Amino acid sequence: MLKLLKNLNKKDWLYVFISAILIVFQVWLELKMPDYMSNITQLVQTKGAAMSDILREGGYMLLCAFGSLVSAFIVGYFTSSISASFSYRTRGKLFRKVEDISTYEIKKFSPSSLITRTTNDITQIEFLIAMGLTLMIKAPITAVWAVTKIVNKSIEWSILTGVAVLVLLITIGIIMIIVMPKFKIVQELLDKVNMVTRENLTGIRVVRAFNAEEYQEDKFEGINNKLTKQQIFNQTAFNYLSPIMYLVMYFLTLGIYFIGAILINDAGMGDKIVLFGNMIVFSSYAMQVIMSFLMLAMIFMMLPRASVSAKRINEVLDTPISVKEGNVTMNNSDIKGCVEFKNVSFKYPDADEYVLEDISFKVNKGETIAFIGSTGSGKSTLINLIPRFYDATSGEILINGIDVRDYSFEYLNNIIGYVPQKATLFSGDILSNVSFGKNIDGKPSNKKIADALRVSQASEFVSKLEDGEKSHIAQGGTNISGGQKQRLSIARTIARNPEIYIFDDSFSALDYKTDSTLRRELREYTKDATVMIVAQRIGTILNADKIVVLDNGKCVGVGTHNELMKKCKVYKEIALSQVSKEELENV
């Protein structure tokens with residue numbers, strides 16, 4: 001929790017300091033009121049006391065109450081400002097951290113958990129700061145100050161108050177021991193609720209197509225029931241605190257008056273009024289002590305969950321960035337678009353076996369290189385090493401003669417155009433999706449966007465839409481077809497005009513005619529760039545300058561289509577499984 005307080009800036013700490021002063025002032029005013037009440041009590045009991053004296057003391061009480069109200073109002077404004085700005089900065093810091101960590105770390109936490117940590121967990125801490133900051137300062141000051149006021153009034157009353165405080169402390173301690181571990185379970189169950197909800201919304205078409213609504217409902221119901229039962233247990237445990245607190249408070253009041261009645265009865269006539277006034281004052285101060293512990297109890301109710309949330313947030317913020325940024329921000333050499341793998345091997349951080357082993361190849365500017373192999377052979381993993389979604393475990397990946405690990409992220413991403421296996425679109429319109437992001441030349445011009453839509457064969461359906469490029473795109477592109485999403489995703493990359501194009505099985509949703517036309521247009525448009533294609537179809541890569549064949553993470557062949565048909569058994573088997581021998585001979 002203390003680590004996160006570093007997100008408070010100088011202005012917030014100034015507000016904390018001012019709030020602390022105002023809270024001390026507020027406590028002083030509140031603790032002055034019993035003194036005025038005692039004076040009024042004694043004046044009422046004293047013969048010949050002037051009404052003006054009583055009204056004056058009452059006026060002082062009203063002024064104290066008003067001053068306390070104004071102070072509380074100002075402190076409330078400051079604490080709201082502190083908690084809101086803390087939440088704003090922490091949420092931004094967490095979001096940026098998620099953008100910086102590697103794909104492996106994101107999968108390790110899971111997207112649903114990261115969403116919960118960015119929203120619900122931060123809200124828990126924001127609530128603690130907004131409510132708890134005042135209470136954490138006010139409660140101990142009030143308790144200590146009130147105790148100093150009553151400690152010499154009566155040993156009997158002091159012992160009684162001490163017993164009441166002890167009972168409260170024991171009660172709070174027992175509840176904390178029982179409930180504290182349960183809050184971690186609550187946050188983990190919230191992660192699961194988010195995960196199931198997100199999964200259901202993402203796959204809603206499949207759920208409906210397979211009549212799996214009842215299955216999904218049962219799945220959600222199971223997690224929701226666990227969360228509800230855990231919350232009921234936690235809240236029930238805390239609900240015991242309130243009646244015990246009030247029971248102790250009422251018994252303390254009754255005890256003070258009972259002991260006071262005995263003391264007054266045994267006292268002389270001259271001391272009765274003084275003892276009666278002391279009893280009223282002691283009773284008021286004792287209630288202040290108990291109220292302080294009530295405030296502390298409220299903090300203890302909020303603190304466990306906020307503490308768990310803080311740990312979960314710190315888990316993300318303290319995660320070391322495995323993919324570190326380099327310093328190269330410019331290529332001063334004449335080499336452009338050259339990609340070379342030198343004895344590259346890769347395995348996931350928590351895995352024992354290598355996904356890729358000893359991969360070596362080189363592709364130059366203007367060339368097209370393709371990667372093919374059976375499912376799970378490591379094609380996409382190999383491609384993902386170039387934009388550094390992961391770093392190679394061993395070996396070197398060079399772009400323009402420089403190791404990719406030496407490039408700054410911005411420059412590396414500017415010279416690479418990446419089309420993922422699963423087309424990803426963002427809420428907005430077609431134009432905002434095609435011109436997404438930034439590069440060295442800034443946002444792509446209208447001509448580049450028009451060329452990108454033409455080359456990707458997206459202009460065909462975009463022109464038929466009522467609003468054209470301004471047509472709405474739903475989150476994830478759920479309002480257009482898979483082929484249209486792929487074409488817009490390809491158009492987005494073309495509009496960047498990068499040195500190196502990477503297509504990770506990005507033509508799979510296209511029909512053969514569109515695929516053929518797109519590849520022909522693309523070959524002409526990218527003749528001065530390097531093109532890297534992962535594909536399942538032989539027809540997509542027939543004309544590539546080089547084809548790399550992967551099998552179980554190993555390179556089993558490199559060459560043109562004709563060369564591989566003669567010397568690579570794996571490639572030949574893949575080719576013949578898709579196209580007849582006669583058709584291949586006519587290629």
# chains A, B, ... in the order shown; residues from 1 in each chain; ligands from 1

call {"tool": "closest_atom_pairs", "arguments": {"of": "segment 28-86 of chain A", "to": "segment 283-297 of chain A", "cutoff": "12 Å", "atoms": "only C-alpha atoms", "output": "CSV"}}
result
residue,atom,partner,partner_atom,distance
A:Trp28,CA,A:Gln288,CA,11.8
A:Glu30,CA,A:Gln288,CA,8.9
A:Leu31,CA,A:Tyr285,CA,7.4
A:Lys32,CA,A:Tyr285,CA,10.0
A:Met33,CA,A:Ser284,CA,9.0
A:Pro34,CA,A:Ser284,CA,6.1
A:Asp35,CA,A:Ser284,CA,9.4
A:Tyr36,CA,A:Ser284,CA,11.4
A:Met37,CA,A:Ser284,CA,9.3
A:Ser38,CA,A:Ser284,CA,9.8

call {"tool": "residues_around", "arguments": {"residues": "segment 164-181 of chain A", "least_positions_apart": "4", "cutoff": "7 Å", "atoms": "only C-alpha atoms", "output": "number ranges by chain"}}
result
A: 160, 234, 237, 245, 248, 252, 297, 304

call {"tool": "residues_around", "arguments": {"residues": "Val98 of chain A", "least_positions_apart": "5", "cutoff": "12 Å", "atoms": "only C-alpha atoms", "output": "tab-separated table (two decimals) with N, CA and C atoms, in the first residue's frame"}}
result
chain	number	residue	atom	x	y	z
A	91	ARG	N	-4.13	4.53	-12.37
A	91	ARG	CA	-4.76	3.84	-13.50
A	91	ARG	C	-3.96	4.05	-14.78
A	92	GLY	N	-3.49	5.29	-14.98
A	92	GLY	CA	-2.67	5.57	-16.16
A	92	GLY	C	-1.34	4.83	-16.12
A	93	LYS	N	-0.73	4.80	-14.94
A	93	LYS	CA	0.54	4.10	-14.77
A	93	LYS	C	0.39	2.61	-15.04
A	103	THR	N	4.11	-9.91	-24.35
A	103	THR	CA	2.91	-10.72	-24.53
A	103	THR	C	2.85	-11.83	-23.50
A	104	TYR	N	3.99	-12.38	-23.14
A	104	TYR	CA	4.03	-13.48	-22.16
A	104	TYR	C	3.49	-13.01	-20.82
A	105	GLU	N	3.90	-11.82	-20.36
A	105	GLU	CA	3.43	-11.32	-19.07
A	105	GLU	C	1.93	-11.03	-19.09
A	106	ILE	N	1.45	-10.52	-20.22
A	106	ILE	CA	0.02	-10.23	-20.34
A	106	ILE	C	-0.78	-11.53	-20.22
A	107	LYS	N	-0.31	-12.59	-20.88
A	107	LYS	CA	-0.99	-13.88	-20.79
A	107	LYS	C	-0.89	-14.47	-19.39
A	108	LYS	N	0.22	-14.19	-18.72
A	108	LYS	CA	0.44	-14.70	-17.37
A	108	LYS	C	-0.61	-14.13	-16.40
A	109	PHE	N	-0.89	-12.84	-16.51
A	109	PHE	CA	-1.89	-12.23	-15.65
A	109	PHE	C	-3.31	-12.51	-16.13
A	110	SER	N	-3.48	-12.64	-17.43
A	110	SER	CA	-4.75	-12.80	-18.14
A	110	SER	C	-5.43	-11.44	-18.31
A	111	PRO	N	-6.01	-11.18	-19.49
A	111	PRO	CA	-6.65	-9.89	-19.75
A	111	PRO	C	-7.76	-9.56	-18.76
A	113	SER	N	-8.05	-10.40	-15.62
A	113	SER	CA	-7.47	-9.98	-14.34
A	113	SER	C	-6.89	-8.58	-14.44
A	114	LEU	N	-6.27	-8.26	-15.56
A	114	LEU	CA	-5.70	-6.92	-15.75
A	114	LEU	C	-6.80	-5.87	-15.78
A	115	ILE	N	-7.95	-6.21	-16.36
A	115	ILE	CA	-9.08	-5.29	-16.38
A	115	ILE	C	-9.58	-5.04	-14.96
A	117	ARG	N	-7.89	-5.34	-12.18
A	117	ARG	CA	-6.88	-4.59	-11.43
A	117	ARG	C	-6.91	-3.11	-11.80
A	118	THR	N	-7.20	-2.82	-13.08
A	118	THR	CA	-7.22	-1.43	-13.54
A	118	THR	C	-8.49	-0.71	-13.11
A	313	ILE	N	-2.18	-4.74	-7.62
A	313	ILE	CA	-1.71	-3.67	-8.52
A	313	ILE	C	-0.19	-3.66	-8.56
A	315	GLU	N	1.78	-6.11	-8.08
A	315	GLU	CA	2.25	-7.28	-8.82
A	315	GLU	C	2.50	-6.93	-10.28
A	316	VAL	N	1.59	-6.13	-10.83
A	316	VAL	CA	1.73	-5.71	-12.24
A	316	VAL	C	2.82	-4.65	-12.36
A	317	LEU	N	2.76	-3.63	-11.50
A	317	LEU	CA	3.72	-2.52	-11.59
A	317	LEU	C	5.15	-2.97	-11.32
A	318	ASP	N	5.32	-4.02	-10.49
A	318	ASP	CA	6.66	-4.50	-10.15
A	318	ASP	C	7.16	-5.59	-11.09
A	319	THR	N	6.33	-5.97	-12.05
A	319	THR	CA	6.75	-7.01	-13.01
A	319	THR	C	7.90	-6.48	-13.85
A	320	PRO	N	9.03	-7.17	-13.84
A	320	PRO	CA	10.16	-6.71	-14.66
A	320	PRO	C	9.82	-6.80	-16.15
A	321	ILE	N	10.24	-5.80	-16.90
A	321	ILE	CA	10.00	-5.80	-18.35
A	321	ILE	C	11.06	-6.67	-19.01

call {"tool": "select_by_dssp", "arguments": {"residues": "segment 358-407 of chain A", "states": "strand (DSSP E or B)", "output": "list in words"}}
result
Asp358, Ile359, Ser360, Phe361, Lys362, Val363, Thr368, Ile369, Ala370, Phe371, Ile372, Gly373, Ser394, Gly395, Glu396, Ile397, Leu398, Ile399, Ile402, Asp403 and Tyr407 of chain A

call {"tool": "write_last_selection", "arguments": {"atoms": "N, CA, C and O atoms", "output": "compact mmCIF listing (two decimals), in the first residue's frame"}}
result
# COMPACT_ATOMS: atom_id res chain seq x y z
N ASP A 358 17.60 -23.28 -33.82
CA ASP A 358 18.69 -23.04 -34.78
C ASP A 358 18.17 -22.64 -36.17
O ASP A 358 18.49 -23.24 -37.18
N ILE A 359 17.35 -21.57 -36.20
CA ILE A 359 16.79 -21.08 -37.47
C ILE A 359 17.71 -20.03 -38.06
O ILE A 359 18.08 -19.06 -37.39
N SER A 360 18.07 -20.21 -39.32
CA SER A 360 18.92 -19.24 -40.02
C SER A 360 18.40 -19.01 -41.44
O SER A 360 18.09 -19.96 -42.15
N PHE A 361 18.27 -17.75 -41.83
CA PHE A 361 17.91 -17.37 -43.20
C PHE A 361 18.15 -15.87 -43.35
O PHE A 361 18.34 -15.16 -42.37
N LYS A 362 18.11 -15.40 -44.58
CA LYS A 362 18.29 -13.97 -44.85
C LYS A 362 17.39 -13.57 -46.01
O LYS A 362 17.28 -14.31 -47.00
N VAL A 363 16.77 -12.41 -45.89
CA VAL A 363 15.93 -11.87 -46.96
C VAL A 363 16.29 -10.40 -47.14
O VAL A 363 16.48 -9.67 -46.17
N THR A 368 10.50 -11.45 -51.39
CA THR A 368 9.39 -12.00 -50.62
C THR A 368 9.81 -13.36 -50.08
O THR A 368 10.28 -14.22 -50.83
N ILE A 369 9.67 -13.52 -48.78
CA ILE A 369 9.99 -14.80 -48.15
C ILE A 369 8.73 -15.32 -47.47
O ILE A 369 7.96 -14.57 -46.88
N ALA A 370 8.50 -16.62 -47.61
CA ALA A 370 7.29 -17.22 -47.05
C ALA A 370 7.68 -18.33 -46.07
O ALA A 370 8.76 -18.92 -46.17
N PHE A 371 6.77 -18.59 -45.14
CA PHE A 371 6.99 -19.64 -44.13
C PHE A 371 5.79 -20.58 -44.15
O PHE A 371 4.65 -20.13 -44.10
N ILE A 372 6.07 -21.84 -44.21
CA ILE A 372 5.00 -22.83 -44.27
C ILE A 372 5.39 -24.02 -43.42
O ILE A 372 6.57 -24.28 -43.17
N GLY A 373 4.40 -24.73 -42.95
CA GLY A 373 4.62 -25.90 -42.11
C GLY A 373 3.31 -26.33 -41.50
O GLY A 373 2.30 -25.62 -41.60
N SER A 394 18.14 -17.54 -27.86
CA SER A 394 19.55 -17.51 -28.29
C SER A 394 19.61 -17.16 -29.76
O SER A 394 18.62 -17.26 -30.49
N GLY A 395 20.78 -16.74 -30.23
CA GLY A 395 20.93 -16.33 -31.62
C GLY A 395 20.64 -14.85 -31.80
O GLY A 395 20.36 -14.12 -30.85
N GLU A 396 20.70 -14.41 -33.05
CA GLU A 396 20.50 -12.99 -33.36
C GLU A 396 19.47 -12.82 -34.47
O GLU A 396 19.41 -13.63 -35.41
N ILE A 397 18.66 -11.75 -34.34
CA ILE A 397 17.76 -11.33 -35.42
C ILE A 397 18.19 -9.93 -35.82
O ILE A 397 18.12 -9.00 -35.01
N LEU A 398 18.65 -9.80 -37.03
CA LEU A 398 19.18 -8.52 -37.52
C LEU A 398 18.24 -7.89 -38.53
O LEU A 398 17.74 -8.56 -39.43
N ILE A 399 18.01 -6.61 -38.34
CA ILE A 399 17.29 -5.82 -39.35
C ILE A 399 18.22 -4.71 -39.81
O ILE A 399 18.70 -3.92 -38.99
N ILE A 402 21.46 -4.56 -37.88
CA ILE A 402 21.43 -4.20 -36.45
C ILE A 402 20.50 -5.15 -35.71
O ILE A 402 19.39 -5.44 -36.18
N ASP A 403 20.94 -5.62 -34.56
CA ASP A 403 20.12 -6.52 -33.74
C ASP A 403 18.83 -5.80 -33.34
O ASP A 403 18.87 -4.64 -32.92
N TYR A 407 17.22 -1.64 -31.21
CA TYR A 407 16.35 -0.57 -31.73
C TYR A 407 15.42 -0.05 -30.63
O TYR A 407 15.02 -0.79 -29.72

call {"tool": "closest_residue", "arguments": {"among": "A:Gln578, A:Ser408, A:Asn194, A:Ser516", "to": "Thr116 of chain A", "atoms": "only C-alpha atoms"}}
result
A:Asn194

call {"tool": "atom_distance", "arguments": {"atom1": "atom CA of Arg312 of chain A", "atom2": "atom CA of Glu188 of chain A"}}
result
9.8 Å

call {"tool": "closest_atom_pairs", "arguments": {"of": "segment 125-226 of chain A", "to": "segment 9-27 of chain A", "cutoff": "8 Å", "atoms": "only C-alpha atoms", "output": "Markdown table"}}
result
| residue | atom | partner | partner_atom | distance |
| --- | --- | --- | --- | --- |
| A:Thr134 | CA | A:Ile23 | CA | 7.3 |
| A:Ile137 | CA | A:Ala20 | CA | 6.7 |
| A:Lys138 | CA | A:Ile23 | CA | 6.1 |
| A:Ile141 | CA | A:Val24 | CA | 7.3 |
| A:Thr142 | CA | A:Val27 | CA | 6.1 |

call {"tool": "closest_residue", "arguments": {"among": "A:Ser83, A:Ser380, A:Ser52, A:Gln187", "to": "Lys311 of chain A", "atoms": "only C-alpha atoms"}}
result
A:Gln187
